[in-house]
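Student: If it helps, the file is called data_3.txt and holds compact mmCIF, C-alpha atoms and all ligand atoms:
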# COMPACT_ATOMS: atom_id res chain seq x y z
CA MET C 1 0.00 0.00 0.00
CA ASP C 2 1.19 3.49 -0.87
CA SER C 3 2.18 5.26 2.37
CA LYS C 4 2.85 8.67 0.81
CA THR C 5 0.99 11.67 2.22
CA LYS C 6 -1.95 12.42 -0.06
CA VAL C 7 -2.81 15.98 -0.96
CA ILE C 8 -5.85 16.71 -3.10
CA VAL C 9 -6.10 20.08 -4.80
CA LEU C 10 -9.60 20.98 -6.02
CA GLY C 11 -9.56 23.28 -9.04
CA GLY C 12 -6.89 23.74 -11.69
CA GLY C 13 -7.25 27.51 -12.03
CA ILE C 14 -4.76 30.07 -10.77
CA GLY C 15 -4.73 28.99 -7.10
CA GLY C 16 -4.85 25.24 -7.74
CA LEU C 17 -2.20 25.34 -10.45
CA ALA C 18 0.22 27.22 -8.18
CA ALA C 19 -0.53 25.13 -5.06
CA SER C 20 -0.13 21.75 -6.80
CA GLY C 21 2.93 22.82 -8.82
CA LEU C 22 4.76 24.26 -5.82
CA LEU C 23 3.97 21.29 -3.59
CA LYS C 24 5.40 18.89 -6.17
CA ASP C 25 8.43 21.13 -6.74
CA LYS C 26 9.14 21.09 -3.03
CA LEU C 27 8.40 17.47 -2.10
CA LYS C 28 8.63 15.61 -5.45
CA GLN C 29 8.10 11.84 -4.93
CA GLU C 30 7.61 12.24 -1.18
CA ILE C 31 3.93 13.06 -1.69
CA SER C 32 1.05 12.23 -3.98
CA VAL C 33 -0.74 15.28 -5.39
CA GLN C 34 -4.07 14.87 -7.17
CA LEU C 35 -5.37 17.90 -9.03
CA ILE C 36 -9.05 17.73 -9.95
CA ASP C 37 -10.77 20.00 -12.47
CA ARG C 38 -13.86 19.59 -14.64
CA LYS C 39 -11.97 21.31 -17.47
CA LYS C 40 -9.07 19.73 -19.34
CA THR C 41 -7.37 23.07 -19.65
CA PHE C 42 -6.03 25.87 -17.52
CA ASP C 43 -7.54 29.08 -18.91
CA PHE C 44 -6.08 32.50 -18.12
CA PRO C 45 -8.91 35.01 -17.40
CA PRO C 46 -6.74 38.17 -17.30
CA SER C 47 -6.32 37.70 -21.08
CA TYR C 48 -10.07 37.51 -21.78
CA PRO C 49 -10.36 41.29 -22.39
CA TRP C 50 -7.81 40.82 -25.20
CA LEU C 51 -9.69 37.73 -26.43
CA MET C 52 -12.87 39.81 -26.62
CA LEU C 53 -11.14 42.19 -29.05
CA GLY C 54 -9.52 39.49 -31.17
CA MET C 55 -6.08 40.40 -29.81
CA ARG C 56 -5.62 36.81 -28.57
CA LYS C 57 -6.77 33.47 -29.93
CA LYS C 58 -8.33 30.80 -27.73
CA GLU C 59 -5.24 28.58 -27.89
CA GLN C 60 -3.00 31.43 -26.70
CA VAL C 61 -4.80 31.68 -23.37
CA GLN C 62 -5.20 27.95 -22.65
CA LYS C 63 -2.84 25.18 -21.56
CA ASP C 64 -3.50 21.46 -21.33
CA LEU C 65 -3.55 20.54 -17.62
CA ASP C 66 -2.34 17.05 -18.48
CA ILE C 67 1.12 18.52 -19.18
CA LEU C 68 1.45 18.62 -15.37
CA ARG C 69 1.22 14.82 -15.24
CA LYS C 70 4.27 14.40 -17.47
CA LYS C 71 6.27 17.38 -16.26
CA LYS C 72 5.57 17.43 -12.53
CA LYS C 73 4.11 13.97 -11.83
CA ILE C 74 0.90 15.56 -10.60
CA GLU C 75 -2.02 13.17 -10.96
CA VAL C 76 -4.40 15.29 -13.02
CA LEU C 77 -8.03 14.13 -12.88
CA ASN C 78 -10.44 15.57 -15.40
CA ASP C 79 -13.50 15.13 -13.23
CA GLU C 80 -16.42 16.89 -11.54
CA VAL C 81 -16.16 17.40 -7.78
CA LEU C 82 -19.57 16.45 -6.38
CA SER C 83 -19.06 16.67 -2.63
CA ILE C 84 -16.51 17.06 0.13
CA ASP C 85 -16.65 15.07 3.38
CA VAL C 86 -14.75 17.31 5.78
CA GLU C 87 -14.95 14.88 8.72
CA GLY C 88 -14.21 11.70 6.76
CA LYS C 89 -11.49 13.51 4.74
CA SER C 90 -12.63 12.46 1.30
CA VAL C 91 -13.93 13.95 -1.92
CA LEU C 92 -16.59 12.42 -4.19
CA THR C 93 -16.18 12.86 -7.95
CA THR C 94 -18.29 11.75 -10.91
CA SER C 95 -15.86 9.28 -12.49
CA GLY C 96 -13.21 8.70 -9.84
CA GLY C 97 -15.62 7.89 -7.00
CA ARG C 98 -14.51 8.60 -3.45
CA LEU C 99 -10.94 9.82 -3.02
CA SER C 100 -9.39 10.17 0.41
CA PHE C 101 -6.88 12.81 1.44
CA ASP C 102 -4.58 13.76 4.29
CA TYR C 103 -4.65 17.42 3.24
CA LEU C 104 -7.08 19.27 1.01
CA VAL C 105 -6.54 22.57 -0.80
CA ILE C 106 -9.82 24.00 -2.10
CA ALA C 107 -9.30 26.33 -5.07
CA LEU C 108 -12.67 25.95 -6.81
CA GLY C 109 -13.14 29.65 -7.54
CA VAL C 110 -16.71 30.84 -7.98
CA GLU C 111 -19.88 29.63 -9.66
CA TYR C 112 -22.11 32.03 -11.62
CA SER C 113 -25.82 32.32 -10.88
CA PRO C 114 -27.27 34.28 -13.83
CA GLU C 115 -30.66 32.63 -13.18
CA THR C 116 -31.10 34.83 -10.09
CA ILE C 117 -31.69 37.87 -12.34
CA PRO C 118 -34.64 37.53 -14.73
CA GLY C 119 -33.52 38.02 -18.33
CA PHE C 120 -29.78 37.89 -17.62
CA SER C 121 -29.03 34.69 -19.55
CA GLU C 122 -31.13 35.75 -22.55
CA HIS C 123 -29.78 39.27 -22.95
CA ALA C 124 -26.43 39.85 -21.22
CA HIS C 125 -22.96 39.15 -22.53
CA HIS C 126 -19.92 38.80 -20.31
CA ILE C 127 -16.32 37.64 -20.40
CA TYR C 128 -16.31 35.76 -17.11
CA ASP C 129 -15.51 32.46 -18.82
CA LEU C 130 -13.69 31.71 -22.03
CA GLU C 131 -16.67 30.61 -24.15
CA SER C 132 -18.69 33.68 -23.12
CA ALA C 133 -15.74 35.91 -23.98
CA LEU C 134 -15.61 34.39 -27.49
CA LYS C 135 -19.36 34.90 -27.89
CA PHE C 136 -19.04 38.53 -26.81
CA LYS C 137 -16.21 38.99 -29.34
CA GLU C 138 -18.64 38.13 -32.15
CA ALA C 139 -21.17 40.66 -30.82
CA VAL C 140 -18.45 43.33 -30.51
CA GLU C 141 -17.27 42.74 -34.08
CA THR C 142 -20.72 43.06 -35.62
CA PHE C 143 -21.93 45.99 -33.50
CA ASP C 144 -22.16 49.12 -35.62
CA GLY C 145 -23.74 51.78 -33.45
CA GLY C 146 -26.12 52.51 -30.57
CA THR C 147 -25.81 52.29 -26.80
CA ILE C 148 -23.47 49.84 -25.12
CA ALA C 149 -24.41 49.27 -21.49
CA ILE C 150 -21.62 47.84 -19.35
CA GLY C 151 -22.22 46.91 -15.77
CA ILE C 152 -21.87 44.91 -12.62
CA SER C 153 -24.88 42.98 -11.35
CA ARG C 154 -23.80 42.08 -7.82
CA THR C 155 -20.84 42.32 -5.48
CA PRO C 156 -18.52 40.59 -4.73
CA PHE C 157 -17.22 39.73 -8.18
CA LYS C 158 -13.75 38.74 -9.31
CA CYS C 159 -11.23 41.19 -10.64
CA PRO C 160 -12.85 44.49 -9.61
CA ALA C 161 -11.04 46.28 -12.44
CA ALA C 162 -12.22 43.99 -15.27
CA PRO C 163 -15.55 45.68 -16.19
CA TYR C 164 -13.85 49.11 -16.23
CA GLU C 165 -11.17 47.61 -18.45
CA VAL C 166 -13.90 46.32 -20.79
CA ALA C 167 -15.43 49.82 -21.09
CA LEU C 168 -12.10 51.56 -21.76
CA LEU C 169 -10.94 48.91 -24.23
CA LEU C 170 -14.21 49.00 -26.16
CA ASP C 171 -14.00 52.80 -26.37
CA ASP C 172 -10.53 52.45 -27.90
CA TYR C 173 -11.61 49.60 -30.20
CA TYR C 174 -14.50 51.55 -31.73
CA SER C 175 -12.38 54.73 -31.96
CA LYS C 176 -9.86 52.79 -34.06
CA LYS C 177 -12.69 51.34 -36.13
CA GLY C 178 -13.84 54.90 -36.85
CA ILE C 179 -17.38 54.50 -35.46
CA ARG C 180 -16.95 55.80 -31.90
CA ASP C 181 -19.17 58.82 -32.65
CA LYS C 182 -22.07 56.44 -33.37
CA ILE C 183 -21.80 54.83 -29.92
CA LYS C 184 -22.90 55.88 -26.43
CA PHE C 185 -21.59 54.13 -23.32
CA ALA C 186 -23.50 53.70 -20.03
CA PHE C 187 -21.72 52.08 -17.09
CA PHE C 188 -23.89 50.86 -14.16
CA THR C 189 -22.84 49.35 -10.84
CA PRO C 190 -24.08 48.82 -7.28
CA GLU C 191 -20.76 50.32 -6.12
CA ALA C 192 -20.57 53.99 -5.08
CA ILE C 193 -17.25 54.56 -6.89
CA PRO C 194 -15.12 52.46 -9.25
CA VAL C 195 -12.92 49.74 -7.70
CA PRO C 196 -13.84 50.66 -4.09
CA ALA C 197 -11.36 48.19 -2.55
CA VAL C 198 -8.47 50.47 -3.49
CA GLY C 199 -10.00 53.56 -1.92
CA PRO C 200 -11.57 56.82 -3.12
CA ASP C 201 -8.38 58.41 -4.52
CA VAL C 202 -7.86 55.63 -7.04
CA GLY C 203 -11.62 55.33 -7.61
CA ASN C 204 -11.77 58.99 -8.60
CA LYS C 205 -8.87 58.54 -11.01
CA VAL C 206 -10.74 55.70 -12.72
CA LEU C 207 -13.83 57.91 -12.79
CA GLU C 208 -11.80 60.64 -14.54
CA LEU C 209 -10.59 58.09 -17.08
CA LEU C 210 -14.18 57.08 -17.83
CA LYS C 211 -15.26 60.72 -18.13
CA SER C 212 -12.35 61.56 -20.42
CA ARG C 213 -13.61 58.83 -22.80
CA GLY C 214 -17.23 59.97 -22.67
CA ILE C 215 -18.40 56.92 -20.69
CA ASN C 216 -21.39 57.83 -18.49
CA TYR C 217 -21.21 56.42 -14.97
CA HIS C 218 -24.34 55.33 -13.06
CA PRO C 219 -23.36 54.25 -9.51
CA LYS C 220 -25.44 52.65 -6.72
CA LEU C 221 -27.71 50.76 -9.09
CA LYS C 222 -28.53 47.11 -8.46
CA VAL C 223 -29.97 45.23 -11.44
CA LYS C 224 -33.45 43.81 -10.86
CA GLU C 225 -34.46 42.57 -14.29
CA ILE C 226 -33.20 42.67 -17.85
CA LYS C 227 -35.55 42.85 -20.81
CA SER C 228 -34.79 43.18 -24.49
CA GLY C 229 -33.25 46.65 -24.82
CA GLU C 230 -33.82 47.76 -21.20
CA ILE C 231 -32.29 47.20 -17.76
CA PHE C 232 -34.43 47.75 -14.65
CA PHE C 233 -32.98 48.41 -11.22
CA GLU C 234 -34.07 47.77 -7.64
CA ASP C 235 -34.61 51.48 -6.96
CA GLY C 236 -37.66 51.20 -9.23
CA VAL C 237 -36.81 54.52 -10.89
CA GLU C 238 -33.80 54.25 -13.16
CA VAL C 239 -34.02 52.41 -16.51
CA ILE C 240 -31.05 52.12 -18.87
CA SER C 241 -31.67 51.37 -22.55
CA TYR C 242 -29.12 49.37 -24.52
CA ASP C 243 -28.40 47.91 -27.93
CA LEU C 244 -25.51 45.76 -26.67
CA LEU C 245 -25.24 44.66 -23.04
CA PHE C 246 -22.22 43.48 -21.05
CA CYS C 247 -22.90 42.57 -17.42
CA VAL C 248 -20.81 40.77 -14.80
CA PRO C 249 -22.88 37.76 -13.66
CA PRO C 250 -23.73 37.21 -9.97
CA HIS C 251 -21.13 35.04 -8.18
CA VAL C 252 -21.75 32.37 -5.53
CA ALA C 253 -19.49 29.78 -3.88
CA PRO C 254 -19.35 26.45 -5.80
CA GLU C 255 -22.05 23.95 -4.83
CA PRO C 256 -19.81 21.22 -3.29
CA VAL C 257 -18.36 23.81 -0.93
CA ARG C 258 -21.80 25.07 0.10
CA LYS C 259 -23.16 21.52 0.55
CA ALA C 260 -20.19 20.56 2.75
CA GLY C 261 -21.09 23.34 5.21
CA LEU C 262 -17.78 25.06 4.53
CA THR C 263 -19.39 28.42 3.83
CA ASP C 264 -20.77 30.77 6.47
CA GLU C 265 -22.86 33.95 6.56
CA THR C 266 -20.38 35.61 4.18
CA GLY C 267 -21.44 33.07 1.52
CA TRP C 268 -17.80 31.98 1.17
CA ILE C 269 -15.22 29.97 3.13
CA THR C 270 -13.84 32.06 5.95
CA VAL C 271 -10.14 31.30 6.37
CA ASN C 272 -7.35 32.34 8.67
CA PRO C 273 -5.92 35.26 6.64
CA SER C 274 -2.31 34.37 7.50
CA THR C 275 -2.42 30.61 6.86
CA LEU C 276 -5.55 30.08 4.71
CA GLU C 277 -6.67 27.30 7.05
CA THR C 278 -10.39 26.64 7.27
CA LYS C 279 -12.03 25.64 10.55
CA HIS C 280 -11.36 21.99 9.60
CA ASP C 281 -8.00 20.46 10.35
CA GLY C 282 -5.88 19.89 7.23
CA ILE C 283 -8.32 21.71 4.92
CA TYR C 284 -7.24 24.97 3.27
CA ALA C 285 -9.04 27.33 0.90
CA VAL C 286 -7.29 29.76 -1.46
CA GLY C 287 -8.39 32.27 -4.05
CA ASP C 288 -11.89 33.37 -4.97
CA VAL C 289 -13.68 30.73 -2.87
CA ALA C 290 -12.11 32.12 0.31
CA SER C 291 -13.36 35.07 2.27
CA ILE C 292 -11.01 37.34 4.20
CA LYS C 293 -12.38 40.14 6.35
CA THR C 294 -10.61 43.49 6.06
CA PRO C 295 -11.68 45.44 9.17
CA ASP C 296 -9.26 48.25 8.27
CA GLY C 297 -9.99 48.14 4.54
CA TYR C 298 -12.09 50.36 2.27
CA VAL C 299 -14.50 47.44 1.75
CA PRO C 300 -15.38 44.77 4.35
CA PHE C 301 -13.77 41.85 2.46
CA LEU C 302 -10.68 41.40 0.36
CA PRO C 303 -11.55 41.57 -3.35
CA LYS C 304 -11.32 38.42 -5.46
CA ALA C 305 -8.25 38.38 -7.71
CA GLY C 306 -5.79 35.92 -9.22
CA VAL C 307 -2.84 37.69 -7.66
CA PHE C 308 -4.23 36.88 -4.21
CA ALA C 309 -4.98 33.26 -5.21
CA HIS C 310 -1.34 32.92 -6.31
CA GLY C 311 0.16 34.46 -3.14
CA GLN C 312 -2.09 32.38 -0.92
CA ALA C 313 -1.24 29.17 -2.81
CA GLU C 314 2.48 29.89 -2.29
CA VAL C 315 1.98 30.19 1.46
CA VAL C 316 -0.14 27.03 1.70
CA ALA C 317 2.33 24.99 -0.42
CA ASN C 318 5.28 26.21 1.64
CA ASN C 319 3.63 25.50 4.98
CA LEU C 320 2.26 22.12 3.93
CA ALA C 321 5.67 21.09 2.62
CA ILE C 322 7.19 21.92 5.99
CA GLU C 323 4.43 20.18 7.88
CA ILE C 324 4.57 17.05 5.74
CA SER C 325 8.30 16.53 5.62
CA GLY C 326 9.73 18.81 8.26
CA ARG C 327 11.36 20.96 5.62
CA GLY C 328 10.14 23.32 2.96
CA GLY C 329 12.33 22.30 0.05
CA GLY C 330 14.56 24.82 -1.74
CA LYS C 331 15.13 27.89 0.40
CA ALA C 332 11.92 27.60 2.40
CA LYS C 333 12.72 26.38 5.87
CA GLN C 334 10.18 28.35 7.85
CA LYS C 335 6.44 28.60 7.81
CA LYS C 336 5.16 31.73 6.10
CA GLU C 337 2.25 34.05 6.72
CA TRP C 338 0.27 35.57 3.87
CA ASN C 339 0.49 39.37 4.00
CA GLY C 340 -2.34 40.54 1.72
CA GLN C 341 -0.12 42.09 -0.96
CA GLY C 342 -1.33 42.29 -4.51
CA ALA C 343 -1.16 44.22 -7.75
CA CYS C 344 -3.41 44.61 -10.74
CA PHE C 345 -3.33 46.08 -14.24
CA LEU C 346 -6.10 48.16 -15.78
CA GLU C 347 -5.84 48.01 -19.54
CA VAL C 348 -7.11 51.28 -21.01
CA GLY C 349 -6.45 50.75 -24.74
CA LYS C 350 -3.97 52.64 -26.93
CA GLY C 351 -1.38 50.01 -25.90
CA GLN C 352 -1.42 51.33 -22.33
CA SER C 353 -2.30 50.08 -18.91
CA ALA C 354 -2.64 51.64 -15.47
CA PHE C 355 -1.21 49.76 -12.50
CA VAL C 356 -2.35 49.45 -8.87
CA LYS C 357 -0.25 47.87 -6.17
CA GLY C 358 -1.17 47.49 -2.53
CA LYS C 359 -0.83 46.01 0.90
CA PHE C 360 -4.49 45.28 1.43
CA LEU C 361 -4.25 44.07 5.03
CA ALA C 362 -2.05 46.96 6.23
CA LYS C 363 -3.11 48.92 9.32
CA PRO C 364 -4.55 51.44 9.91
CA LYS C 365 -5.52 51.52 6.20
CA PRO C 366 -4.50 49.58 3.06
CA GLU C 367 -1.39 51.09 1.47
CA ILE C 368 -2.21 51.62 -2.20
CA GLU C 369 -0.03 52.92 -5.07
CA PHE C 370 -1.66 53.96 -8.36
CA HIS C 371 0.33 54.46 -11.56
CA MET C 372 -1.29 56.37 -14.40
CA PRO C 373 -1.67 54.58 -17.76
CA GLY C 374 1.56 53.98 -19.65
CA LYS C 375 3.07 51.60 -22.20
CA VAL C 376 5.44 50.16 -19.59
CA TRP C 377 2.54 48.76 -17.53
CA HIS C 378 0.97 47.27 -20.64
CA MET C 379 4.26 45.48 -21.37
CA GLN C 380 4.27 44.20 -17.80
CA LYS C 381 0.78 42.83 -18.23
CA VAL C 382 1.99 40.98 -21.34
CA ALA C 383 4.89 39.59 -19.25
CA PHE C 384 2.40 38.55 -16.52
CA GLU C 385 0.44 36.61 -19.15
CA LYS C 386 3.63 34.95 -20.48
CA TYR C 387 4.56 33.90 -16.94
CA TRP C 388 1.23 32.17 -16.37
CA MET C 389 1.14 30.47 -19.76
CA HIS C 390 4.69 29.08 -19.49
CA HIS C 391 6.10 29.01 -15.96
CA TRP C 392 3.91 26.22 -14.58
CA PHE C 393 3.86 23.96 -17.66
C1 LIG K 401 -12.13 39.00 -17.31
C2 LIG K 401 -11.28 38.73 -16.11
C3 LIG K 401 -10.09 39.41 -15.96
C4 LIG K 401 -9.30 39.18 -14.84
N1 LIG K 401 -8.11 39.85 -14.71
C5 LIG K 401 -7.35 39.65 -13.62
C6 LIG K 401 -6.10 40.31 -13.48
O1 LIG K 401 -5.67 41.08 -14.35
N2 LIG K 401 -5.39 40.08 -12.36
C7 LIG K 401 -5.82 39.22 -11.37
O2 LIG K 401 -5.13 39.05 -10.38
N3 LIG K 401 -7.01 38.57 -11.49
C8 LIG K 401 -7.77 38.75 -12.58
N4 LIG K 401 -8.95 38.08 -12.71
C9 LIG K 401 -9.45 37.25 -11.60
C10 LIG K 401 -8.81 35.87 -11.58
O3 LIG K 401 -8.98 35.21 -12.81
C11 LIG K 401 -9.42 35.03 -10.47
O4 LIG K 401 -9.44 35.78 -9.28
C12 LIG K 401 -8.60 33.77 -10.28
O5 LIG K 401 -8.70 32.97 -11.43
C13 LIG K 401 -9.01 33.01 -9.04
O6 LIG K 401 -8.28 31.84 -8.94
P1 LIG K 401 -8.93 30.55 -8.25
O7 LIG K 401 -7.89 29.50 -8.30
O8 LIG K 401 -9.51 30.93 -6.94
O9 LIG K 401 -10.17 30.17 -9.16
P2 LIG K 401 -10.21 29.83 -10.75
O10 LIG K 401 -8.97 30.32 -11.42
O11 LIG K 401 -11.52 30.33 -11.21
O12 LIG K 401 -10.18 28.25 -10.76
C14 LIG K 401 -11.25 27.46 -10.28
C15 LIG K 401 -11.21 26.12 -11.01
O13 LIG K 401 -12.09 25.19 -10.35
C16 LIG K 401 -12.75 24.43 -11.32
N5 LIG K 401 -14.01 23.93 -10.73
C17 LIG K 401 -14.97 24.68 -10.14
N6 LIG K 401 -15.95 23.86 -9.65
C18 LIG K 401 -15.58 22.60 -9.96
C19 LIG K 401 -16.17 21.32 -9.70
N7 LIG K 401 -17.31 21.16 -9.03
N8 LIG K 401 -15.51 20.21 -10.16
C20 LIG K 401 -14.34 20.33 -10.83
N9 LIG K 401 -13.74 21.51 -11.08
C21 LIG K 401 -14.36 22.63 -10.65
C22 LIG K 401 -12.97 25.37 -12.48
O14 LIG K 401 -13.13 24.66 -13.70
C23 LIG K 401 -11.68 26.21 -12.46
O15 LIG K 401 -10.69 25.71 -13.31
C24 LIG K 401 -9.73 38.25 -13.84
C25 LIG K 401 -10.93 37.55 -14.01
C26 LIG K 401 -11.70 37.77 -15.14
C27 LIG K 401 -12.98 36.99 -15.31
Take the structure in the file and give it back as structure tokens.
Tutor:
Amino acid sequence: MDSKTKVIVLGGGIGGLAASGLLKDKLKQEISVQLIDRKKTFDFPPSYPWLMLGMRKKEQVQKDLDILRKKKKIEVLNDEVLSIDVEGKSVLTTSGGRLSFDYLVIALGVEYSPETIPGFSEHAHHIYDLESALKFKEAVETFDGGTIAIGISRTPFKCPAAPYEVALLLDDYYSKKGIRDKIKFAFFTPEAIPVPAVGPDVGNKVLELLKSRGINYHPKLKVKEIKSGEIFFEDGVEVISYDLLFCVPPHVAPEPVRKAGLTDETGWITVNPSTLETKHDGIYAVGDVASIKTPDGYVPFLPKAGVFAHGQAEVVANNLAIEISGRGGGKAKQKKEWNGQGACFLEVGKGQSAFVKGKFLAKPKPEIEFHMPGKVWHMQKVAFEKYWMHHWF
């Protein structure tokens, strides 16, 4: 019988890819790592805004997860996670049946619930998964004038900058196409200012960017219902008309996580912010599925972003490696604490990007740096994409 410590990583997105890869790098044949994802590929969402404009092809933003089997000896299972038994330490999947673990890293991201808003699925486009981004690309290409409504249906949602990026990139796209004067933009959101997690100074800078491009901003509006050509809001007063609609879908925690009782009143898995441990021994949660309170922050919870999923996965892999073998492998000899640092690009078109960097758990307030749009930040976003498409595979 195999006596190796068994680690199961649920989800082969940003957090799961980093956690499983780093664990294998550190402990190699000392442990068995199973990585389970319903998709056969790792898809890179930060490139979807480029995909939507035809600046990337599908195959440029996807990698075959099975490469990890050959390269890193990770046991990659293309399977659906049905349930998690937190007491019995096992996971039930569609094809693989019940799989037991010593340690579990949950990196299942979010599930979308468009059905909770009448008319959403029929009328709204988005780029919150690869196939939807490709569908939106077709709509963008054929659109030849009218009102484009761009908005956020509910908070929290992942990558707080992404919908703003969509608006600014579309403005640039239609300017280059020579039809910008035939198009009006309306941006709606339940938020009071753009990207509230980074504070009002940065929010106001984003607002200025929108204004400078003629994009009308409608804050504090929560979508109630979408009909053909019109969006209705919970205030019962405002109605926005559209010819093309982009809307971020509502997010919820994935079903197996909810069914396992891992979520709480936040709707997500509350973790220890330093170690990413859940309330169950040996079970960790990283990335979008996790919820981290920010009592000193501008918003009550840490936003959902890949950069956090990555940093958290590094800490979990390091600490698990030490716990499992008494050493961390490589230079890591000590347990680490996650410190809430992160950075994000805001593509604005014209080959430029703005850049925000911050210590989101700093006291008494998050420490945030904002860099105005420039070509250098755009080049760094391209390098960020290259890193994710090559480093782990
Ligand atoms: C348009 C867009 C732009 C973005 N830009 C940025 C950016 O510039 N910078 C940044 O930091 N972040 C960005 N993000 C956010 C970033 O992509 C996410 O925060 C990040 O992917 C979260 O990582 P994760 O590992 O928690 O979840 P994910 O990467 O979403 O991975 C979850 C995985 O779990 C799998 N899964 C879920 N349920 C099951 C199940 N039941 N069975 C089997 N498999 C399952 C999914 O298939 C998926 O592969 C962007 C997101 C979008 C949509």
Student: If I take atom CA of Ile322 of chain C and atom CA of Leu108 of chain C, how far is one from the other in Å, to one decimal?
Tutor: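 Atom-to-atom, atom CA of Ile322 of chain C to atom CA of Leu108 of chain C, that is 24.0 Å.
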Student: Write out as a PyMOL selection string each polymer residue (protein, DNA or RNA) that has an atom no more than 6 Å from ligand LIG 401 (chain K), with only C-alpha atoms and all ligand atoms counted.
Tutor: chain C and resi 11-16+36-39+45-46+48-49+79-82+107-109+127-128+158-159+162+254+287-289+304-307+309+344-345
Student: Counting only C-alpha atoms, which residue out of C:Phe355, C:Phe308, C:Phe232, C:Phe136 sits closest to Ser153 of chain C?
Tutor: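 Looking only at the distances to Ser153 of chain C, the closest residue turns out to be C:Phe232.
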Student: Find the residues with any atom within 9 Å of (-22.1, 33.9, -5.5); use all atoms listed in the file and the coordinates as given in the file, and write the answer as a PDB file with C-alpha atoms, in the frame of the given file.
Tutor:
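Saved as part30.pdb:
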ATOM      1  CA  VAL C 110     -16.710  30.840  -7.980  1.00  0.00           C
ATOM      2  CA  GLU C 111     -19.880  29.630  -9.660  1.00  0.00           C
ATOM      3  CA  TYR C 112     -22.110  32.030 -11.620  1.00  0.00           C
ATOM      4  CA  SER C 113     -25.820  32.320 -10.880  1.00  0.00           C
ATOM      5  CA  ARG C 154     -23.800  42.080  -7.820  1.00  0.00           C
ATOM      6  CA  THR C 155     -20.840  42.320  -5.480  1.00  0.00           C
ATOM      7  CA  PRO C 156     -18.520  40.590  -4.730  1.00  0.00           C
ATOM      8  CA  PHE C 157     -17.220  39.730  -8.180  1.00  0.00           C
ATOM      9  CA  PRO C 250     -23.730  37.210  -9.970  1.00  0.00           C
ATOM     10  CA  HIS C 251     -21.130  35.040  -8.180  1.00  0.00           C
ATOM     11  CA  VAL C 252     -21.750  32.370  -5.530  1.00  0.00           C
ATOM     12  CA  ALA C 253     -19.490  29.780  -3.880  1.00  0.00           C
ATOM     13  CA  PRO C 254     -19.350  26.450  -5.800  1.00  0.00           C
ATOM     14  CA  GLY C 267     -21.440  33.070   1.520  1.00  0.00           C
ATOM     15  CA  TRP C 268     -17.800  31.980   1.170  1.00  0.00           C
TER      16      TRP C 268
END
Student: Write out as a list in words each polymer residue whose atoms come within 9 Å of Cys247 of chain C, counting all atoms listed in the file; drop sequence neighbours fewer than 3 positions from it.
Tutor: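 The residues that qualify are Phe120, Ala124, His125, His126, Ile127, Ala149, Ile150, Gly151, Ile152, Ser153, Pro163 and Phe188 of chain C.
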Student: Put a box with edges along x, y and z around all the listed atoms of segment 181-189 of chain C, pad it by 3 Å on each side, then give me its centre and sizes in Å, one decimal, as lines of an AutoDock Vina configuration file.
Tutor:
center_x = -21.5
center_y = 54.1
center_z = -22.1
size_x = 10.7
size_y = 15.5
size_z = 28.5
Student: What's around Gly261 of chain C at 10 Å? Count all atoms listed in the file, leave out sequence neighbours fewer than 5 positions away in its own chain, and write the answer as a ChimeraX atom specification.
Tutor: /C:84-86,256,269
Student: Return the single residue from C:Ser95, C:Asn216, C:Gln341, C:Thr266 that is closest to Tyr164 of chain C, with distances computed using all atoms listed in the file.
Tutor: C:Asn216
Student: What is the distance between atom CA of Val299 of chain C and atom CA of Leu170 of chain C, in Å to one decimal?
Tutor: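 Interatomic distance, atom CA of Val299 of chain C to atom CA of Leu170 of chain C: 28.0 Å.
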Student: Quick one: residues within 10 Å of (-0.5, 48.5, 3.6) (file frame), counting all atoms listed in the file, please, as number ranges by chain.
Tutor: C: 296-297, 339-341, 357-369
Student: Pick the closest to Leu168 of chain C from C:Val348, C:Val356, C:Leu262, C:Leu320: which is it, counting all atoms listed in the file?
Tutor: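 That would be C:Val348, the residue with the smallest distance to Leu168 of chain C.
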Student: Would you work out the distance separating atom CA of Ser274 of chain C from atom CA of Trp338 of chain C, expressed in Å to one decimal?
Tutor: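 Pair atom CA of Ser274 of chain C / atom CA of Trp338 of chain C returns 4.6 Å.
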Student: May I ask which of the residues C:Val140, C:Val316, C:Val248, C:Leu130 is the closest one to Phe187 of chain C, counting only C-alpha atoms?
Tutor: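 Going through C:Val140, C:Val316, C:Val248, C:Leu130 one by one, the smallest distance to Phe187 of chain C is for C:Val248.
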Student: Smallest atom-to-atom distance to Gly214 of chain C: which of C:Val105, C:Val239, C:Ile183, C:Val382, using all atoms listed in the file?
Tutor: C:Ile183
Student: Measuring between all atoms listed in the file, which one of C:Leu134, C:Val166, C:Ile292, C:Leu276 shows the shortest distance to Asn319 of chain C?
Tutor: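 Among the listed residues, C:Leu276 lies closest to Asn319 of chain C.
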